[in-house]
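Next comes work.tsv, a file with TSV, C-alpha atoms.
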chain	number	residue	atom	x	y	z
A	1	MET	CA	73.45	130.29	87.65
A	2	LYS	CA	73.81	129.03	91.22
A	3	ILE	CA	72.36	125.75	92.49
A	4	TYR	CA	71.51	125.01	96.14
A	5	THR	CA	70.21	121.97	97.98
A	6	VAL	CA	67.11	123.07	99.91
A	7	GLY	CA	64.38	122.00	102.30
A	8	GLY	CA	64.12	118.56	103.82
A	9	ALA	CA	67.53	117.32	102.73
A	10	VAL	CA	69.24	120.14	104.63
A	11	ARG	CA	66.94	119.78	107.63
A	12	ASP	CA	67.39	116.04	107.99
A	13	ARG	CA	71.15	116.15	107.50
A	14	LEU	CA	71.44	118.69	110.31
A	15	LEU	CA	69.23	116.46	112.47
A	16	GLY	CA	71.44	113.47	111.74
A	17	ARG	CA	68.57	111.65	110.04
A	18	GLU	CA	68.66	109.71	106.80
A	19	VAL	CA	68.15	111.93	103.76
A	20	THR	CA	65.66	110.22	101.45
A	21	GLU	CA	64.77	113.00	99.02
A	22	VAL	CA	66.91	115.81	97.65
A	23	ASP	CA	65.47	118.98	96.11
A	24	HIS	CA	67.34	121.88	94.56
A	25	VAL	CA	66.65	125.51	93.82
A	26	VAL	CA	68.31	127.29	90.91
A	27	VAL	CA	69.08	131.01	91.21
A	28	GLY	CA	69.90	133.22	88.25
A	29	ALA	CA	68.53	131.01	85.49
A	30	THR	CA	65.60	130.87	83.10
A	31	ALA	CA	63.51	127.96	81.89
A	32	GLU	CA	65.36	128.19	78.58
A	33	ASP	CA	68.69	127.81	80.41
A	34	MET	CA	67.44	124.62	82.09
A	35	LEU	CA	66.14	123.13	78.83
A	36	ALA	CA	69.43	123.92	77.11
A	37	ARG	CA	71.22	121.84	79.77
A	38	GLY	CA	68.98	118.84	79.18
A	39	PHE	CA	66.65	119.24	82.15
A	40	ARG	CA	63.12	117.92	81.63
A	41	PRO	CA	60.18	120.18	82.62
A	42	VAL	CA	57.56	118.92	85.05
A	43	GLY	CA	54.00	120.21	84.73
A	44	ALA	CA	52.93	123.73	83.94
A	45	ASP	CA	52.05	125.22	87.34
A	46	PHE	CA	55.56	126.42	88.13
A	47	PRO	CA	59.05	125.88	86.68
A	48	VAL	CA	60.34	122.59	88.08
A	49	PHE	CA	62.73	120.40	86.13
A	50	LEU	CA	64.17	116.90	86.45
A	51	HIS	CA	67.91	116.36	86.19
A	52	PRO	CA	68.69	114.37	83.02
A	53	GLN	CA	70.79	111.81	84.91
A	54	THR	CA	69.68	111.68	88.55
A	55	GLY	CA	65.99	112.53	88.13
A	56	GLU	CA	66.21	114.90	91.14
A	57	GLU	CA	64.02	118.01	91.13
A	58	TYR	CA	65.47	121.41	90.33
A	59	ALA	CA	63.14	124.39	90.72
A	60	LEU	CA	63.80	127.92	89.55
A	61	ALA	CA	63.87	130.39	92.42
A	62	ARG	CA	60.43	131.95	92.59
A	63	THR	CA	58.10	134.13	94.57
A	64	GLU	CA	54.38	133.68	94.98
A	65	ARG	CA	51.37	135.89	95.51
A	66	LYS	CA	47.95	134.95	96.86
A	67	SER	CA	45.41	135.18	94.05
A	68	GLY	CA	42.52	133.00	95.17
A	69	ARG	CA	41.29	130.56	97.77
A	70	GLY	CA	42.73	127.20	98.65
A	71	TYR	CA	46.02	125.45	97.98
A	72	GLY	CA	46.04	126.34	94.27
A	73	GLY	CA	45.16	130.00	94.72
A	74	PHE	CA	48.64	131.39	94.04
A	75	THR	CA	50.44	133.17	91.22
A	76	PHE	CA	54.11	132.27	90.84
A	77	TYR	CA	56.87	134.48	89.52
A	78	ALA	CA	60.17	132.94	88.44
A	79	SER	CA	62.98	135.09	87.11
A	80	PRO	CA	66.79	135.27	87.27
A	81	ASP	CA	66.45	138.27	89.57
A	82	VAL	CA	64.65	136.27	92.31
A	83	THR	CA	67.15	135.75	95.14
A	84	LEU	CA	67.65	132.67	97.27
A	85	GLU	CA	66.23	134.54	100.26
A	86	ASP	CA	63.16	135.50	98.21
A	87	ASP	CA	62.60	131.83	97.43
A	88	LEU	CA	63.15	130.58	100.98
A	89	VAL	CA	60.82	133.10	102.61
A	90	ARG	CA	57.78	131.58	100.85
A	91	ARG	CA	58.36	128.21	102.55
A	92	ASP	CA	56.25	126.95	105.44
A	93	LEU	CA	58.60	126.38	108.39
A	94	THR	CA	61.98	127.83	109.31
A	95	ILE	CA	63.47	124.34	109.53
A	96	ASN	CA	62.45	123.85	105.88
A	97	ALA	CA	63.75	127.26	104.77
A	98	MET	CA	67.47	126.50	104.77
A	99	ALA	CA	69.76	125.91	101.81
A	100	GLU	CA	73.21	124.43	101.29
A	101	ASP	CA	75.71	125.34	98.59
A	102	ASP	CA	78.20	123.10	96.81
A	103	ASP	CA	80.77	123.68	99.55
A	104	GLY	CA	78.45	122.47	102.28
A	105	GLN	CA	77.82	125.94	103.68
A	106	VAL	CA	74.33	126.33	105.16
A	107	ILE	CA	72.41	129.47	104.25
A	108	ASP	CA	69.88	130.11	107.00
A	109	PRO	CA	68.29	133.55	106.73
A	110	TYR	CA	65.24	132.78	108.88
A	111	GLY	CA	66.58	130.98	111.95
A	112	GLY	CA	66.01	127.38	110.99
A	113	ARG	CA	69.10	126.04	112.78
A	114	ALA	CA	68.10	127.75	116.01
A	115	ASP	CA	64.62	126.25	115.77
A	116	LEU	CA	66.11	122.82	115.09
A	117	ALA	CA	68.15	123.15	118.27
A	118	ALA	CA	65.12	124.39	120.23
A	119	ARG	CA	62.91	121.66	118.70
A	120	VAL	CA	60.34	124.20	117.49
A	121	LEU	CA	58.15	124.10	114.40
A	122	ARG	CA	57.80	127.80	113.53
A	123	HIS	CA	56.42	129.52	110.43
A	124	VAL	CA	58.76	131.62	108.29
A	125	SER	CA	56.53	134.61	107.64
A	126	PRO	CA	52.93	135.80	108.02
A	127	ALA	CA	52.35	134.56	104.46
A	128	PHE	CA	52.03	131.13	106.10
A	129	ALA	CA	48.38	131.97	106.71
A	130	GLU	CA	47.69	132.25	102.98
A	131	ASP	CA	47.95	128.50	102.32
A	132	PRO	CA	45.46	126.19	104.07
A	133	LEU	CA	47.45	123.09	103.15
A	134	ARG	CA	50.10	124.21	105.62
A	135	VAL	CA	47.81	123.32	108.52
A	136	LEU	CA	48.06	119.69	107.46
A	137	ARG	CA	51.77	119.92	106.69
A	138	VAL	CA	52.70	121.36	110.08
A	139	ALA	CA	50.55	118.79	111.87
A	140	ARG	CA	52.30	116.10	109.81
A	141	PHE	CA	55.74	117.39	110.77
A	142	ALA	CA	54.63	117.42	114.39
A	143	ALA	CA	53.72	113.73	113.99
A	144	ARG	CA	57.09	112.97	112.42
A	145	TYR	CA	59.29	114.71	114.96
A	146	ALA	CA	57.26	114.45	118.17
A	147	ASP	CA	59.48	111.71	119.58
A	148	SER	CA	62.47	114.00	119.06
A	149	GLY	CA	60.84	116.62	121.28
A	150	PHE	CA	59.51	118.99	118.62
A	151	ARG	CA	56.49	121.16	119.33
A	152	ILE	CA	54.49	123.68	117.32
A	153	ALA	CA	55.26	127.28	118.23
A	154	GLU	CA	52.32	129.06	119.82
A	155	GLU	CA	52.36	131.82	117.23
A	156	THR	CA	52.32	129.22	114.44
A	157	LEU	CA	49.45	127.38	116.10
A	158	ALA	CA	47.60	130.71	116.18
A	159	LEU	CA	48.01	131.08	112.41
A	160	MET	CA	46.85	127.48	111.91
A	161	ARG	CA	43.78	128.34	113.98
A	162	GLN	CA	43.22	131.43	111.82
A	163	LEU	CA	43.32	129.26	108.70
A	164	ALA	CA	40.91	126.75	110.22
A	165	GLU	CA	38.48	129.53	111.08
A	166	SER	CA	38.74	131.05	107.60
A	167	GLY	CA	36.94	128.09	106.03
A	168	GLU	CA	39.66	127.67	103.40
A	169	LEU	CA	40.38	124.12	104.48
A	170	LYS	CA	37.17	123.19	102.71
A	171	ASP	CA	38.70	124.51	99.47
A	172	LEU	CA	41.44	121.87	99.47
A	173	THR	CA	40.91	119.21	96.84
A	174	PRO	CA	40.28	115.74	98.31
A	175	GLU	CA	43.31	114.43	96.44
A	176	ARG	CA	45.71	117.02	97.88
A	177	ALA	CA	44.30	116.75	101.40
A	178	TRP	CA	44.41	112.95	101.31
A	179	LYS	CA	48.07	113.02	100.27
A	180	GLU	CA	48.93	114.91	103.46
A	181	ILE	CA	46.53	112.92	105.66
A	182	SER	CA	47.83	109.55	104.44
A	183	ARG	CA	51.45	110.59	104.90
A	184	ALA	CA	50.68	111.88	108.38
A	185	LEU	CA	48.95	108.65	109.39
A	186	MET	CA	52.12	106.76	108.40
A	187	GLU	CA	54.38	108.96	110.54
A	188	PRO	CA	55.78	107.65	113.85
A	189	ARG	CA	53.14	109.54	115.88
A	190	PRO	CA	49.85	109.79	113.95
A	191	ASP	CA	48.13	110.54	117.26
A	192	VAL	CA	50.07	113.81	117.42
A	193	PHE	CA	48.79	114.71	113.95
A	194	VAL	CA	45.18	114.32	115.06
A	195	GLN	CA	45.79	116.18	118.31
A	196	ALA	CA	47.45	119.06	116.46
A	197	LEU	CA	44.40	119.34	114.20
A	198	ARG	CA	42.18	119.43	117.28
A	199	ASP	CA	44.34	122.07	118.95
A	200	CYS	CA	43.97	124.49	116.04
A	201	GLY	CA	40.32	123.73	115.26
A	202	ALA	CA	41.08	122.02	111.95
A	203	LEU	CA	39.66	118.64	112.97
A	204	ALA	CA	36.19	120.19	113.06
A	205	GLU	CA	36.68	121.36	109.47
A	206	LEU	CA	38.29	118.24	108.03
A	207	PHE	CA	36.68	115.53	110.17
A	208	PRO	CA	33.55	117.08	111.70
A	209	GLU	CA	32.19	113.63	112.52
A	210	LEU	CA	35.20	112.90	114.71
A	211	GLU	CA	35.15	116.30	116.37
A	212	ARG	CA	31.45	115.93	117.21
A	213	LEU	CA	32.14	112.51	118.67
A	214	PHE	CA	35.02	113.78	120.80
A	215	GLN	CA	32.91	116.73	121.96
A	216	ALA	CA	30.02	114.46	122.91
A	217	ARG	CA	32.25	111.81	124.45
A	218	PRO	CA	35.48	113.43	125.67
A	219	GLU	CA	36.53	110.13	127.17
A	220	ALA	CA	36.76	108.63	123.66
A	221	ALA	CA	39.50	110.96	122.39
A	222	GLY	CA	42.38	109.68	124.52
A	223	PRO	CA	41.88	105.97	123.76
A	224	ARG	CA	41.40	106.67	120.05
A	225	LEU	CA	44.71	108.55	119.91
A	226	GLU	CA	46.40	105.74	121.84
A	227	VAL	CA	45.03	103.23	119.31
A	228	LEU	CA	46.73	105.22	116.54
A	229	ARG	CA	49.94	105.19	118.53
A	230	GLN	CA	49.67	101.42	118.82
A	231	CYS	CA	49.24	101.23	115.04
A	232	ALA	CA	52.51	103.07	114.54
A	233	GLY	CA	54.28	101.01	117.18
A	234	HIS	CA	53.22	97.82	115.41
A	235	ALA	CA	54.04	99.19	111.92
A	236	GLN	CA	50.49	98.72	110.68
A	237	PRO	CA	49.71	99.60	107.03
A	238	LEU	CA	47.66	102.61	105.98
A	239	PRO	CA	44.26	100.83	105.67
A	240	VAL	CA	44.53	99.62	109.28
A	241	ARG	CA	45.44	103.09	110.55
A	242	TRP	CA	42.60	104.71	108.60
A	243	ALA	CA	40.09	102.19	109.93
A	244	CYS	CA	41.36	102.68	113.49
A	245	LEU	CA	41.00	106.46	113.20
A	246	LEU	CA	37.33	106.14	112.20
A	247	LEU	CA	36.42	103.09	114.27
A	248	ASP	CA	34.36	104.90	116.91
A	249	LEU	CA	32.17	106.37	114.17
A	250	GLY	CA	30.72	102.94	113.44
A	251	THR	CA	27.77	103.56	115.74
A	252	ASP	CA	24.99	102.39	113.42
A	253	GLU	CA	24.44	99.43	111.13
A	254	THR	CA	25.03	101.48	107.98
A	255	CYS	CA	28.21	103.16	109.29
A	256	ALA	CA	26.88	106.36	107.73
A	257	SER	CA	29.47	108.61	109.38
A	258	ILE	CA	32.38	106.47	108.18
A	259	THR	CA	30.92	106.43	104.69
A	260	ALA	CA	30.56	110.22	104.78
A	261	VAL	CA	34.23	110.65	105.71
A	262	ASN	CA	35.25	108.22	102.98
A	263	GLN	CA	33.25	110.09	100.38
A	264	ARG	CA	34.72	113.42	101.39
A	265	CYS	CA	38.37	112.36	101.75
A	266	LYS	CA	38.39	109.84	98.88
A	267	PRO	CA	41.02	107.42	100.24
A	268	PRO	CA	41.89	104.32	98.20
A	269	ARG	CA	39.21	101.68	97.92
A	270	GLU	CA	40.93	99.24	100.29
A	271	CYS	CA	41.00	101.94	102.98
A	272	GLN	CA	37.33	102.74	102.48
A	273	GLU	CA	36.21	99.12	102.54
A	274	LEU	CA	38.18	98.18	105.62
A	275	ALA	CA	37.01	101.25	107.54
A	276	VAL	CA	33.33	100.46	106.90
A	277	LEU	CA	33.65	96.74	107.58
A	278	ALA	CA	35.69	97.29	110.74
A	279	GLY	CA	33.26	99.92	111.98
A	280	GLU	CA	30.39	97.52	111.48
A	281	HIS	CA	31.98	94.32	112.82
A	282	HIS	CA	34.76	95.16	115.28
A	283	ALA	CA	32.52	94.42	118.28
A	284	GLU	CA	32.06	90.91	116.90
A	285	GLY	CA	35.80	90.60	116.51
A	286	HIS	CA	36.30	91.44	120.17
A	287	ARG	CA	33.69	88.82	121.15
A	288	ALA	CA	34.86	86.19	118.66
A	289	PRO	CA	35.32	83.30	121.17
A	290	GLU	CA	31.77	83.87	122.42
A	291	LEU	CA	30.11	83.90	118.99
A	292	PRO	CA	27.96	80.91	117.99
A	293	PRO	CA	29.41	79.07	114.98
A	294	ALA	CA	26.73	80.49	112.66
A	295	ASP	CA	27.55	84.08	113.68
A	296	LEU	CA	31.26	83.40	113.33
A	297	GLN	CA	30.63	82.02	109.86
A	298	ALA	CA	28.66	85.12	108.92
A	299	LEU	CA	31.53	87.33	110.11
A	300	LEU	CA	34.01	85.42	107.98
A	301	GLN	CA	31.68	85.66	105.00
A	302	HIS	CA	31.39	89.44	105.36
A	303	PHE	CA	35.14	89.70	104.82
A	304	ASP	CA	35.23	87.07	102.05
A	305	VAL	CA	38.06	85.20	103.77
A	306	TYR	CA	38.22	82.75	100.86
A	307	ARG	CA	39.16	85.29	98.18
A	308	ARG	CA	40.32	88.24	100.32
A	309	PRO	CA	42.36	86.72	103.17
A	310	GLU	CA	44.52	89.83	103.47
A	311	ARG	CA	41.49	92.02	104.23
A	312	PHE	CA	40.45	89.76	107.10
A	313	GLU	CA	44.00	89.85	108.44
A	314	GLN	CA	43.84	93.65	108.40
A	315	PHE	CA	40.50	93.50	110.22
A	316	ILE	CA	42.12	91.37	112.91
A	317	ALA	CA	44.87	94.00	113.17
A	318	VAL	CA	42.27	96.76	113.58
A	319	CYS	CA	40.59	94.85	116.40
A	320	GLU	CA	43.90	94.11	118.07
A	321	MET	CA	45.14	97.70	117.88
A	322	ASP	CA	41.78	98.88	119.23
A	323	ALA	CA	42.04	96.52	122.18
A	324	LEU	CA	45.69	97.25	122.92
A	325	GLY	CA	45.04	100.98	122.81
A	326	ARG	CA	42.36	100.61	125.46
A	327	GLN	CA	44.17	98.21	127.80
A	328	ASP	CA	45.92	99.60	130.84
A	329	ALA	CA	47.48	96.42	132.14
A	330	LYS	CA	50.76	95.08	130.80
A	331	PRO	CA	51.73	92.88	129.13
A	332	ARG	CA	49.09	93.73	126.58
A	333	THR	CA	47.61	90.73	124.81
A	334	TYR	CA	44.79	90.00	122.40
A	335	PRO	CA	43.97	86.27	122.26
A	336	GLN	CA	41.02	86.93	119.92
A	337	ALA	CA	43.52	87.43	117.10
A	338	ASP	CA	44.66	83.81	117.15
A	339	TYR	CA	41.06	82.64	117.57
A	340	LEU	CA	39.93	84.54	114.47
A	341	ARG	CA	42.88	83.33	112.42
A	342	GLY	CA	42.14	79.75	113.47
A	343	ALA	CA	38.50	80.10	112.48
A	344	ALA	CA	39.44	81.44	109.06
A	345	GLN	CA	41.90	78.60	108.59
A	346	ALA	CA	39.22	76.05	109.56
A	347	VAL	CA	36.72	77.18	106.93
A	348	ARG	CA	39.37	77.56	104.24
A	349	ALA	CA	40.45	73.98	104.88
A	350	VAL	CA	37.05	72.66	103.74
A	351	GLN	CA	37.52	71.08	100.30
A	352	VAL	CA	35.00	71.34	97.48
A	353	GLN	CA	36.07	68.18	95.67
A	354	PRO	CA	34.45	65.68	98.10
A	355	LEU	CA	31.17	67.57	97.73
A	356	LEU	CA	31.40	67.37	93.96
A	357	GLU	CA	32.11	63.67	94.19
A	358	ALA	CA	29.00	63.30	96.36
A	359	GLY	CA	26.99	64.68	93.46
A	360	HIS	CA	26.34	68.25	94.63
A	361	ARG	CA	25.99	70.83	91.86
A	362	GLY	CA	24.86	74.43	91.43
A	363	ALA	CA	22.92	75.98	94.30
A	364	GLU	CA	22.92	72.65	96.09
A	365	LEU	CA	26.73	72.67	96.07
A	366	GLY	CA	26.72	76.12	97.64
A	367	GLU	CA	24.45	74.97	100.45
A	368	ALA	CA	26.49	71.84	101.03
A	369	LEU	CA	29.68	73.91	101.19
A	370	LYS	CA	28.05	76.30	103.64
A	371	HIS	CA	27.01	73.41	105.91
A	372	ALA	CA	30.45	71.82	105.69
A	373	ARG	CA	32.12	75.07	106.72
A	374	LEU	CA	29.66	75.50	109.58
A	375	ALA	CA	30.47	71.98	110.77
A	376	ALA	CA	34.18	72.84	110.58
A	377	LEU	CA	33.58	75.89	112.80
A	378	GLU	CA	31.58	73.82	115.28
A	379	THR	CA	34.46	71.37	115.53
A	380	TYR	CA	36.97	74.23	115.81
A	381	LYS	CA	34.97	75.90	118.60
A	382	ALA	CA	34.60	72.62	120.50
A	383	ASN	CA	38.30	71.87	120.22
A	384	ARG	CA	39.24	75.36	121.44
A	385	ALA	CA	36.87	74.99	124.40
A	386	THR	CA	38.60	71.80	125.56
A	387	SER	CA	42.20	72.85	124.85

Same coordinates, now as structure tokens:
Amino acid sequence: MKIYTVGGAVRDRLLGREVTEVDHVVVGATAEDMLARGFRPVGADFPVFLHPQTGEEYALARTERKSGRGYGGFTFYASPDVTLEDDLVRRDLTINAMAEDDDGQVIDPYGGRADLAARVLRHVSPAFAEDPLRVLRVARFAARYADSGFRIAEETLALMRQLAESGELKDLTPERAWKEISRALMEPRPDVFVQALRDCGALAELFPELERLFQARPEAAGPRLEVLRQCAGHAQPLPVRWACLLLDLGTDETCASITAVNQRCKPPRECQELAVLAGEHHAEGHRAPELPPADLQALLQHFDVYRRPERFEQFIAVCEMDALGRQDAKPRTYPQADYLRGAAQAVRAVQVQPLLEAGHRGAELGEALKHARLAALETYKANRATS
């Protein structure tokens, strides 16, 4: 039995980056050998085990053969006679197909170190084109390492285009695709992720609504990508980045296109809700100081600022990132953010107790509270106008 550190841990150590996750491959062992040493099996798809003390993953060296469509359409073969090179050749990129032994020696049969030095994301073998998930993975790595000068090799981009044209991207489960999409949106350059998908034709398969928009309005693509870059630069959370990606699709009152993307990709509920609400109301956010008090109150009510203050704060972030991504002049500012926060604070400051003491109950109390909050917004707007 021989154990090697593989994949991202080797790659990131050679890049001088922090290693956050360590995976291992075991050569010359069986599942029974691993169980006898106290390793705990994970799932049934292929032989992966957790170390009894560290919890790190140890996978038996294996090969794979295409047996169907989509990410899950593979048959795996694990045996003591599978070599380290056999295992590494099935990986996606050369920079992920390196291993390290206990002595720190790097085993690099497919040129990963050279591609690290050249800042190239290159596939290991033609088998790359058998797995549609790799389109998303390579685009995600491009988003992670773009600021370090990495680019996708032309021949790899050609295989990504081949996968996009095959229609197999549609065979990815929403859960597996969303895992890659969400991770990519949280990388340092989510704009590069989207651009890479466009370059290989995958955006039209995964986000046809966006691709149609960019085709119809080419001038919209650049600003939208810059908005995503602003999101990363301001360390915005995933719901804000998701809403910013889809914001230009909010072209009708029902936000039908945003809803369609949500239903297909199945992001978490908070991402879905914010995307729809932002698509519907971001224009009002941009015009907040001009809104009459009644319209401003309606906007605050849509976001339920009384029980869901964090969602309204994320909406403000969406509006701000959208504005900053479209502004050419520096320094970039967005005074509407403070205005919206002040308005939310004004209505939340209205107390119910005085209304109860005045004898209001039931539906009458609700109306009285609504009028009191409207009066608070009128005062807030007047004070802001004179300050």

Sel. within 10 Å of pt (44.4, 105.6, 105.3), counting all atoms listed in the file, output as a PDB file with C-alpha atoms, keeping the file's coordinate frame:
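Everything below was put into out27.pdb:
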ATOM      1  CA  TRP A 178      44.410 112.950 101.310  1.00  0.00           C
ATOM      2  CA  LYS A 179      48.070 113.020 100.270  1.00  0.00           C
ATOM      3  CA  ILE A 181      46.530 112.920 105.660  1.00  0.00           C
ATOM      4  CA  SER A 182      47.830 109.550 104.440  1.00  0.00           C
ATOM      5  CA  ARG A 183      51.450 110.590 104.900  1.00  0.00           C
ATOM      6  CA  ALA A 184      50.680 111.880 108.380  1.00  0.00           C
ATOM      7  CA  LEU A 185      48.950 108.650 109.390  1.00  0.00           C
ATOM      8  CA  MET A 186      52.120 106.760 108.400  1.00  0.00           C
ATOM      9  CA  PRO A 237      49.710  99.600 107.030  1.00  0.00           C
ATOM     10  CA  LEU A 238      47.660 102.610 105.980  1.00  0.00           C
ATOM     11  CA  PRO A 239      44.260 100.830 105.670  1.00  0.00           C
ATOM     12  CA  VAL A 240      44.530  99.620 109.280  1.00  0.00           C
ATOM     13  CA  ARG A 241      45.440 103.090 110.550  1.00  0.00           C
ATOM     14  CA  TRP A 242      42.600 104.710 108.600  1.00  0.00           C
ATOM     15  CA  ALA A 243      40.090 102.190 109.930  1.00  0.00           C
ATOM     16  CA  CYS A 244      41.360 102.680 113.490  1.00  0.00           C
ATOM     17  CA  LEU A 245      41.000 106.460 113.200  1.00  0.00           C
ATOM     18  CA  LEU A 246      37.330 106.140 112.200  1.00  0.00           C
ATOM     19  CA  ASN A 262      35.250 108.220 102.980  1.00  0.00           C
ATOM     20  CA  CYS A 265      38.370 112.360 101.750  1.00  0.00           C
ATOM     21  CA  LYS A 266      38.390 109.840  98.880  1.00  0.00           C
ATOM     22  CA  PRO A 267      41.020 107.420 100.240  1.00  0.00           C
ATOM     23  CA  PRO A 268      41.890 104.320  98.200  1.00  0.00           C
ATOM     24  CA  ARG A 269      39.210 101.680  97.920  1.00  0.00           C
ATOM     25  CA  GLU A 270      40.930  99.240 100.290  1.00  0.00           C
ATOM     26  CA  CYS A 271      41.000 101.940 102.980  1.00  0.00           C
ATOM     27  CA  GLN A 272      37.330 102.740 102.480  1.00  0.00           C
ATOM     28  CA  LEU A 274      38.180  98.180 105.620  1.00  0.00           C
ATOM     29  CA  ALA A 275      37.010 101.250 107.540  1.00  0.00           C
TER      30      ALA A 275
END

Check the smallest atom-to-atom distance from each of A:Gly167, A:Gly325, A:Pro41, A:Pro47 to His234 (chain A) using only C-alpha atoms, then report the winner.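 Under the stated criterion, the closest residue is A:Gly325.
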
By how many Å are CA of Thr333 (chain A) and CA of Arg311 (chain A) apart?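 The value is 21.5 Å.
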
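Compared by their closest atoms to Cys200 (chain A), and using only C-alpha atoms, the residues A:Ala153, A:Val227, A:Ile107, A:Ala220 rank with A:Ala153 nearest.
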
All residues 7 Å or closer to Tyr77 (chain A), only C-alpha atoms, same chain fewer than 4 positions away omitted, as an mmCIF file with C-alpha atoms, keeping the file's coordinate frame:
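Everything below was put into around.cif:
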data_model
loop_
_atom_site.group_PDB
_atom_site.id
_atom_site.type_symbol
_atom_site.label_atom_id
_atom_site.label_comp_id
_atom_site.auth_asym_id
_atom_site.auth_seq_id
_atom_site.Cartn_x
_atom_site.Cartn_y
_atom_site.Cartn_z
ATOM 1 C CA ARG A 62 60.430 131.950 92.590
ATOM 2 C CA THR A 63 58.100 134.130 94.570
ATOM 3 C CA GLU A 64 54.380 133.680 94.980
#

Env of region 155-158 of chain A: 10 Å cut, atoms = all atoms listed in the file, seq-sep filter 6 positions within chain, self excluded. Answer as a list in words.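 Skipping anything fewer than 6 positions along the chain leaves Leu93, Val120, Leu121, Arg122, His123, Val124, Ser125, Pro126, Phe128, Ala129, Val135, Val138, Ala139, Ala164, Ala196, Leu197, Asp199, Cys200 and Gly201 of chain A.
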
The selected residues should be written to file as a PDB file, in the coordinates of the input (atoms: C-alpha atoms).
ATOM      1  CA  LEU A  93      58.600 126.380 108.390  1.00  0.00           C
ATOM      2  CA  VAL A 120      60.340 124.200 117.490  1.00  0.00           C
ATOM      3  CA  LEU A 121      58.150 124.100 114.400  1.00  0.00           C
ATOM      4  CA  ARG A 122      57.800 127.800 113.530  1.00  0.00           C
ATOM      5  CA  HIS A 123      56.420 129.520 110.430  1.00  0.00           C
ATOM      6  CA  VAL A 124      58.760 131.620 108.290  1.00  0.00           C
ATOM      7  CA  SER A 125      56.530 134.610 107.640  1.00  0.00           C
ATOM      8  CA  PRO A 126      52.930 135.800 108.020  1.00  0.00           C
ATOM      9  CA  PHE A 128      52.030 131.130 106.100  1.00  0.00           C
ATOM     10  CA  ALA A 129      48.380 131.970 106.710  1.00  0.00           C
ATOM     11  CA  VAL A 135      47.810 123.320 108.520  1.00  0.00           C
ATOM     12  CA  VAL A 138      52.700 121.360 110.080  1.00  0.00           C
ATOM     13  CA  ALA A 139      50.550 118.790 111.870  1.00  0.00           C
ATOM     14  CA  ALA A 164      40.910 126.750 110.220  1.00  0.00           C
ATOM     15  CA  ALA A 196      47.450 119.060 116.460  1.00  0.00           C
ATOM     16  CA  LEU A 197      44.400 119.340 114.200  1.00  0.00           C
ATOM     17  CA  ASP A 199      44.340 122.070 118.950  1.00  0.00           C
ATOM     18  CA  CYS A 200      43.970 124.490 116.040  1.00  0.00           C
ATOM     19  CA  GLY A 201      40.320 123.730 115.260  1.00  0.00           C
TER      20      GLY A 201
END

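Every protein, DNA or RNA residue with an atom at most 8 Å from Ala142 (chain A), where all atoms listed in the file count and chain neighbours fewer than 6 positions away do not, is listed here: Leu121, Phe150, Arg151, Ile152, Val192, Phe193 and Ala196 of chain A.
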
Considering only C-alpha atoms, state which residue in the set A:Pro190, A:Ile316, A:Ala294, A:Gly8 is at the smallest distance from Ala376 (chain A). A:Ala294

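The coordinates place CA of Met98 (chain A) at 27.6 Å from CA of Gln195 (chain A).
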
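Shortest separation to Leu50 (chain A) among A:Asp23, A:Leu299, A:Thr386, A:Val347 occurs at residue A:Asp23, atoms counted being only C-alpha atoms.
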
Find the spatial neighbours of Gln336 (chain A), counting all atoms listed in the file, within a cut-off of 9 Å - ignore same-chain residues fewer than 3 positions away - and output them as a PyMOL selection string. chain A and resi 285-289+316+319-320+339-341

I'd like to know which of A:Asp108, A:Glu57, A:Glu180, A:Glu273 is closest to Arg40 (chain A), using only C-alpha atoms.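 Distance minimum relative to Arg40 (chain A) lands on A:Glu57.
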
What does the distance from CA of Val305 (chain A) to CA of Leu369 (chain A) come to in Å, to one decimal? 14.3 Å

Pick from A:Ala298, A:Leu374, A:Ala117, A:Val27 nearest to Ile95 (chain A), counting all atoms listed in the file: A:Ala117

If I put a ball of radius 9 Å at (65.0, 128.1, 83.2) in the file's coordinates, which residues poke into it when counting all atoms listed in the file, written as an NGL selection string? :A and (26 or 28-36 or 47-49 or 59-60 or 78-80)

Near Gly279 (chain A), within 7 Å and counting all atoms listed in the file, which residues show up once chain neighbours fewer than 4 positions away are dropped, as a list of chain:residue names?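 Listed by chain and then number, they are A:Leu247, A:Leu249, A:Gly250, A:Cys255, A:Ala275.
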
Using all atoms of region 366-381 of chain A listed in the file and a margin of 6 Å per side, can you give the axis-aligned box centre and edge lengths in Å to one decimal, as AutoDock Vina command-line options?
--center_x 30.7 --center_y 73.8 --center_z 108.1 --size_x 24.5 --size_y 16.9 --size_z 33.0
